[in-house]
Amino acid sequence: MDLHEMDRYIKSIIKEAGHKIRNSFLTDISIESKSDANDLVTNIDKEIEQFFISRINRDYPDHRIFGEEGFGDEIKDTNGVIWMLDPIDGTMNFIHQKRNFAISLGIYADGVGKLGYIYDVVNDDLYSGIQGGGAYYNDERLRPLQDTEIGESILAMNATWAVPNRHFDHNGTLKLIQDVRGIRSYGSAAIELAYLASGRIDAYISMRLSPWDIAGGMVIAKEAGAVATNFKGEPANLLEQDTFLAANPSIHAKILDRYILPK
Ligand code: IPD
Ligand code: CA
Ligand code: CA
């Protein structure tokens with residue numbers, strides 16, 4: 001697999017998809033709910049996933065596709081090359097704000113992240129990562145993350161995780177919120193991972209994410225030096241929803257040890 005050749009190809013189709021999304025702002029979009037009333041999907045999420053699938057099937061017929069909207073393959077193992085795609089990460093922001101959403105794409109070979117992309121469509125900002133080749137913000141190579149302290153960190157998380165919930169003892173989250181310098185909530189896991197990779201935040205925590213939310217961002221964040229695991233400190237789950245913590249390497253283990261309280 002020639003990663004640099006694929007990188008050029010992927011950047012061109014991501015930009016094409018971004019163009020389609022920007023054009024959709026001029027049209028009426030249809031909105032539906034999925035698992036609950038706040039879990040939204042639009043015709044644009046579906047059209048963009050189908051656009052990627054048609055290109056991948058045509059140009060990389062041996063590769064499999066794990067897409068959020070379900071038009072790709074049924075993925076039960078990590079064998080071979082898999083494109084993990086979230087056509088719009090931050091659909092609620094896409095609908096309500098027309099900003100703060102991204103295309104998220106990760107290419108994995110036998111479970112190992114090779115290429116990662118997060119495209120902030122409205123700002124035309126493309127974050128990318130190539131295994132062993134660095135992380136980039138557009139054409140600029142991102143500097144390795146510098147060590148920090150919890151008390152000097154900005155943490156990104158959804159406020160949902162600071163109230164009682166069935167996944168996790170929220171008293172740990174409350175203590176973490178008190179101890180960090182600041183909290184941000186952008187509403188797109190992909191954008192939050194791009195911000196971690198570029199040093200704008202120092203950690204991103206979620207009690208429940210899917211593989212397509214994190215696949216692209218993990219490649220980029222790891223190339224910048226970040227560490228990403230589930231709450232047990234195990235490699236992030238590429239097949240199912242799981243807990244997730246990605247952070248600057250100097251605070252990742254401290255957050256897990258001091259604040260992630262078992263129920
Ligand atoms: C969601 C966003 C959100 C995160 C949710 C995801 P979607 O993705 O990344 O920030 O908190 O867990 O499901 O549904 O907009 O693709
Ligand atoms: Ca998502
Ligand atoms: Ca999505």
# chains A, B, ... in the order shown; residues from 1 in each chain; ligands from 1
$ residues_around --residues "Ile31 of chain A" --least-positions-apart "6" --cutoff "7 Å" --atoms "only C-alpha atoms" --output "list in words"
Leu40, Val41, Thr42 and Asn43 of chain A
$ write_last_selection --atoms "all heavy atoms" --output "short mmCIF file (atom, residue, chain, number, x, y, z; two decimals), in the first residue's frame"
data_model
loop_
_atom_site.label_atom_id
_atom_site.label_comp_id
_atom_site.auth_asym_id
_atom_site.auth_seq_id
_atom_site.Cartn_x
_atom_site.Cartn_y
_atom_site.Cartn_z
N LEU A 40 -29.41 12.60 15.31
CA LEU A 40 -29.95 13.07 14.04
C LEU A 40 -29.15 12.59 12.84
O LEU A 40 -27.95 12.34 12.94
CB LEU A 40 -29.96 14.60 14.05
CG LEU A 40 -30.71 15.24 15.23
CD1 LEU A 40 -30.51 16.75 15.23
CD2 LEU A 40 -32.19 14.88 15.20
N VAL A 41 -29.84 12.50 11.72
CA VAL A 41 -29.17 12.22 10.44
C VAL A 41 -29.91 13.01 9.36
O VAL A 41 -31.11 13.23 9.47
CB VAL A 41 -29.14 10.70 10.14
CG1 VAL A 41 -30.54 10.13 9.96
CG2 VAL A 41 -28.28 10.39 8.91
N THR A 42 -29.17 13.43 8.35
CA THR A 42 -29.81 14.15 7.23
C THR A 42 -29.53 13.41 5.93
O THR A 42 -28.68 12.51 5.87
CB THR A 42 -29.25 15.58 7.09
OG1 THR A 42 -27.92 15.49 6.55
CG2 THR A 42 -29.22 16.33 8.42
N ASN A 43 -30.23 13.84 4.88
CA ASN A 43 -29.96 13.26 3.57
C ASN A 43 -28.51 13.54 3.15
O ASN A 43 -27.91 12.76 2.41
CB ASN A 43 -30.95 13.82 2.53
CG ASN A 43 -30.93 15.33 2.43
OD1 ASN A 43 -30.96 16.03 3.45
ND2 ASN A 43 -30.85 15.85 1.23
#
$ residues_around --residues "segment 110-117 of chain A" --least-positions-apart "6" --cutoff "6 Å" --atoms "only C-alpha atoms" --output "list in words"
Thr78, Asn79, Gly80, Ser104, Tyr127, Ser128, Gly129, Ile130, Gln131, Gly216, Val219 and Ile220 of chain A
$ write_last_selection --atoms "N, CA, C and O atoms" --output "mmCIF file, in the first residue's frame"
data_model
loop_
_atom_site.group_PDB
_atom_site.id
_atom_site.type_symbol
_atom_site.label_atom_id
_atom_site.label_comp_id
_atom_site.auth_asym_id
_atom_site.auth_seq_id
_atom_site.Cartn_x
_atom_site.Cartn_y
_atom_site.Cartn_z
ATOM 1 N N THR A 78 -11.062 -6.778 12.173
ATOM 2 C CA THR A 78 -10.239 -5.679 11.648
ATOM 3 C C THR A 78 -9.271 -6.155 10.545
ATOM 4 O O THR A 78 -8.293 -5.468 10.239
ATOM 5 N N ASN A 79 -9.554 -7.313 9.958
ATOM 6 C CA ASN A 79 -8.646 -7.853 8.935
ATOM 7 C C ASN A 79 -8.642 -7.005 7.663
ATOM 8 O O ASN A 79 -9.681 -6.501 7.243
ATOM 9 N N GLY A 80 -7.473 -6.913 7.043
ATOM 10 C CA GLY A 80 -7.357 -6.222 5.764
ATOM 11 C C GLY A 80 -7.424 -4.711 5.926
ATOM 12 O O GLY A 80 -7.254 -4.168 7.024
ATOM 13 N N SER A 104 -14.820 12.780 8.863
ATOM 14 C CA SER A 104 -13.786 12.055 9.610
ATOM 15 C C SER A 104 -13.516 10.722 8.918
ATOM 16 O O SER A 104 -14.447 9.957 8.653
ATOM 17 N N TYR A 127 -7.007 18.458 8.602
ATOM 18 C CA TYR A 127 -6.017 17.850 9.494
ATOM 19 C C TYR A 127 -5.756 16.460 8.946
ATOM 20 O O TYR A 127 -6.699 15.740 8.579
ATOM 21 N N SER A 128 -4.490 16.050 8.915
ATOM 22 C CA SER A 128 -4.208 14.717 8.387
ATOM 23 C C SER A 128 -3.023 14.113 9.126
ATOM 24 O O SER A 128 -2.248 14.811 9.779
ATOM 25 N N GLY A 129 -2.941 12.793 9.028
ATOM 26 C CA GLY A 129 -1.822 12.093 9.655
ATOM 27 C C GLY A 129 -1.467 10.883 8.833
ATOM 28 O O GLY A 129 -2.341 10.238 8.239
ATOM 29 N N ILE A 130 -0.182 10.594 8.775
ATOM 30 C CA ILE A 130 0.325 9.446 8.031
ATOM 31 C C ILE A 130 1.176 8.653 9.007
ATOM 32 O O ILE A 130 2.038 9.261 9.667
ATOM 33 N N GLN A 131 0.912 7.367 9.162
ATOM 34 C CA GLN A 131 1.658 6.579 10.147
ATOM 35 C C GLN A 131 3.163 6.737 9.922
ATOM 36 O O GLN A 131 3.669 6.471 8.827
ATOM 37 N N GLY A 216 -10.163 8.398 12.351
ATOM 38 C CA GLY A 216 -9.286 9.352 11.673
ATOM 39 C C GLY A 216 -8.475 10.160 12.681
ATOM 40 O O GLY A 216 -7.247 10.297 12.565
ATOM 41 N N VAL A 219 -5.294 8.573 14.357
ATOM 42 C CA VAL A 219 -4.043 8.527 13.579
ATOM 43 C C VAL A 219 -3.336 9.882 13.676
ATOM 44 O O VAL A 219 -2.127 9.959 13.924
ATOM 45 N N ILE A 220 -4.117 10.942 13.540
ATOM 46 C CA ILE A 220 -3.543 12.296 13.564
ATOM 47 C C ILE A 220 -2.990 12.606 14.957
ATOM 48 O O ILE A 220 -1.843 13.052 15.106
#
$ residues_around --residues "Leu155 of chain A" --least-positions-apart "3" --cutoff "10 Å" --atoms "only C-alpha atoms" --output "PyMOL selection string"
chain A and resi 150+152+176-177+180-185+192+196+200-205+247
$ closest_residue --among "A:Ile65, A:Ala228, A:Met6, A:Met84" --to "Pro249 of chain A" --atoms "only C-alpha atoms"
A:Ala228
$ closest_atom_pairs --of "chain A" --to "ligand 3" --cutoff "6 Å" --atoms "only C-alpha atoms and all ligand atoms" --output "CSV"
residue,atom,partner,partner_atom_place_in_ligand_line,distance
A:Asp86,CA,ligand 3,1 (Ca),4.9
A:Pro87,CA,ligand 3,1 (Ca),5.8
A:Ile88,CA,ligand 3,1 (Ca),4.4
A:Asp89,CA,ligand 3,1 (Ca),4.1
A:Thr91,CA,ligand 3,1 (Ca),5.8
$ residues_near_ligand --ligand "ligand 2" --cutoff "12 Å" --atoms "only C-alpha atoms and all ligand atoms" --output "ChimeraX atom specification"
/A:39-41,45,67-69,84-94,101-105,118,187-193,208-217,241
$ residues_around --residues "Gly199 of chain A" --least-positions-apart "2" --cutoff "9 Å" --atoms "only C-alpha atoms" --output "count of residues only"
13
$ closest_residue --among "A:Ala162, A:Leu126, A:Ile107, A:Val81" --to "Ser12 of chain A" --atoms "only C-alpha atoms"
A:Leu126
$ atom_distance --atom1 "atom CA of Ala156 of chain A" --atom2 "atom CA of Ser206 of chain A"
8.9 Å
$ closest_residue --among "A:Ile75, A:Arg22, A:Glu47, A:Lys232" --to "Asn123 of chain A" --atoms "only C-alpha atoms"
A:Arg22
$ residues_around --residues "Phe52 of chain A" --least-positions-apart "2" --cutoff "10 Å" --atoms "only C-alpha atoms" --output "VMD selection string"
chain A and resid 10 13 to 14 16 to 17 47 to 50 54 to 58 65 67 72 83 85 87
